[in-house]
Amino acid sequence: VKRTAVASGHGIGKTAFAAAAIHWFIATRPNPAIVATSNTETQLRGKLWRELAKVNNGAKNKAWFEWKTTSFTFMNDPTAKADAISWSEDNSEAFAGTHEKHVLGVFDEASAIARIIFNVFAGAMSTPGARWLALGNSTRNEGYFYDATHGDRVARKAGDLERGMWNAFVIPSWESPFVDPAWVQEMKDSLGEDSDEFRIRVAGLPPRFDAEQFIPRHWVNAANERVVPIFERWPLILGVDIGHTGDKSVIVPRRGRKVLRDGCHVHRGERTTDFARIIVDQIKYWREEH
């Protein structure tokens, strides 16, 4: 499996697993190129890289490797190395150009890593030996990590993995032998089992509501699944959102409480006058249909 994503609650050992994966990969592949990052520099260097030092100190082959604060090298060979790279949306190029027969990307606490970093590193997955591991708490209900663990990038049917989808796991804290059941009960009592904080910290699930969202995602999901009949007395209304230069413009037809999803249109780069003509054409079409 080329892409594996793990969303979980606290305490299951995600960072230790990520460190062990780095150690295993560099010890078993010729000339591997390994890139590791995390949500913050503190998490990357103070936790993931510290955990890698612990893994190596306990390994029988620890003499093979040289651990430094930003790198982990096999037999002093610069072509067999793991690099700890802090990410920035302004410097996404740092994650480009990683091309080798055996590539490993490790994104720790990946929920807070920007989508552009994922998109840039995706170019490194062009070889059969490339692997990608993303782990974290589901602190957001949008973004690339959400898509890879709960959304439309999760492999759900045959052939999805070959099409670049993610093999996703959701692991609640209570399924881990490392987590005290008393702590889980304490969190349940203090936070409430239905609270977003419990979902994130214990259940490994994303929040139902994001602070930056106007409409909660679970409302949107429920609306998409709801079956609403059309009544003849409902008029048809076209909702039109005209984007600025370069942005998307959208036309959405609605009858009463039912959105006619097959009739939704998204346009990009249209001049205002051209988009006005499209609106006129849509009005004519829907007058004939309804």
# chains A, B, ... in the order shown; residues from 1 in each chain; ligands from 1
>>> residues_around(residues="range 29-39 of chain A", least_positions_apart="3", cutoff="7 Å", atoms="only C-alpha atoms", output="list of chain:residue names")
A:Phe25, A:Ile26, A:Gln43, A:Leu44, A:Thr79, A:Ala80, A:Lys81, A:Ala82, A:Asp83, A:Ala84, A:Ile85, A:Ser86, A:Trp87, A:Glu100, A:His102, A:Val103, A:Leu104, A:Gly105, A:Val106, A:Phe107, A:Asp108, A:Glu109, A:Ala110, A:Ala112, A:Ile113
>>> select_by_dssp(residues="range 50-267 of chain A", states="helix (DSSP H, G or I)", output="PyMOL selection string")
chain A and resi 50-57+62-64+89-95+110-112+115-126+144-149+161-163+173-175+181-191+196-203+217-225+261-263
>>> residues_around(residues="Val6 in chain A", least_positions_apart="4", cutoff="6 Å", atoms="only C-alpha atoms", output="number ranges by chain")
A: 135, 168-170
>>> atom_distance(atom1="CA of Trp64 in chain A", atom2="CA of Ser126 in chain A")
28.5 Å
>>> select_by_dssp(residues="range 28-182 of chain A", states="strand (DSSP E)", output="ChimeraX atom specification")
/A:33-38,65-67,71-74,77-84,103-108,131-136,167-171
>>> closest_residue(among="A:Glu51, A:Phe198, A:Val240, A:Asn76", to="Ala63 in chain A", atoms="only C-alpha atoms")
A:Asn76
>>> atom_distance(atom1="CA of Val55 in chain A", atom2="CA of Met75 in chain A")
16.9 Å
>>> residues_around(residues="Gly143 in chain A", least_positions_apart="3", cutoff="7 Å", atoms="only C-alpha atoms", output="mmCIF file with C-alpha atoms, in the first residue's frame")
data_model
loop_
_atom_site.group_PDB
_atom_site.id
_atom_site.type_symbol
_atom_site.label_atom_id
_atom_site.label_comp_id
_atom_site.auth_asym_id
_atom_site.auth_seq_id
_atom_site.Cartn_x
_atom_site.Cartn_y
_atom_site.Cartn_z
ATOM 1 C CA ARG A 115 -3.002 21.143 1.718
ATOM 2 C CA TYR A 146 -9.468 14.963 6.655
ATOM 3 C CA ASP A 147 -9.995 13.908 3.034
#
>>> closest_residue(among="A:Ala27, A:Val259, A:Ile116, A:Leu205", to="Asn56 in chain A", atoms="only C-alpha atoms")
A:Ala27
>>> residues_around(residues="Gly256 in chain A", least_positions_apart="3", cutoff="12 Å", atoms="only C-alpha atoms", output="list in words")
Val228, Pro229, Ile230, Phe231, Glu232, Arg233, Trp234, Pro235, Leu236, Ile237, Leu238, Pro253, Val259 and Leu260 of chain A
>>> write_last_selection(atoms="C-alpha atoms", output="PDB file, in the first residue's frame")
ATOM      1  CA  VAL A 228     -36.803  15.745  -0.417  1.00  0.00           C
ATOM      2  CA  PRO A 229     -39.839  15.475  -2.740  1.00  0.00           C
ATOM      3  CA  ILE A 230     -40.657  18.343  -5.095  1.00  0.00           C
ATOM      4  CA  PHE A 231     -44.099  19.949  -4.792  1.00  0.00           C
ATOM      5  CA  GLU A 232     -45.602  21.600  -7.860  1.00  0.00           C
ATOM      6  CA  ARG A 233     -46.317  24.820  -5.976  1.00  0.00           C
ATOM      7  CA  TRP A 234     -42.605  25.351  -5.361  1.00  0.00           C
ATOM      8  CA  PRO A 235     -41.113  27.816  -7.871  1.00  0.00           C
ATOM      9  CA  LEU A 236     -37.707  27.224  -9.400  1.00  0.00           C
ATOM     10  CA  ILE A 237     -35.034  29.689  -8.298  1.00  0.00           C
ATOM     11  CA  LEU A 238     -31.521  30.051  -9.668  1.00  0.00           C
ATOM     12  CA  PRO A 253     -31.039  25.636  -9.297  1.00  0.00           C
ATOM     13  CA  VAL A 259     -31.427  21.603  -4.760  1.00  0.00           C
ATOM     14  CA  LEU A 260     -31.353  20.099  -8.268  1.00  0.00           C
TER      15      LEU A 260
END
>>> residues_around(residues="Asp180 in chain A", least_positions_apart="4", cutoff="12 Å", atoms="only C-alpha atoms", output="JSON, numbers by chain")
{"A": [10, 11, 12, 173, 174, 175, 176, 184, 185, 186, 187, 202]}
>>> residues_around(residues="range 268-275 of chain A", least_positions_apart="4", cutoff="12 Å", atoms="only C-alpha atoms", output="list in words")
Val240, Asp241, Ile242, Gly243, His244, Thr245, Gly246, Asp247, Lys248, Ser249, Val250, Ile251, Ile279, Val280, Asp281 and Gln282 of chain A
>>> atom_distance(atom1="CA of Ala19 in chain A", atom2="CA of Leu48 in chain A")
6.3 Å
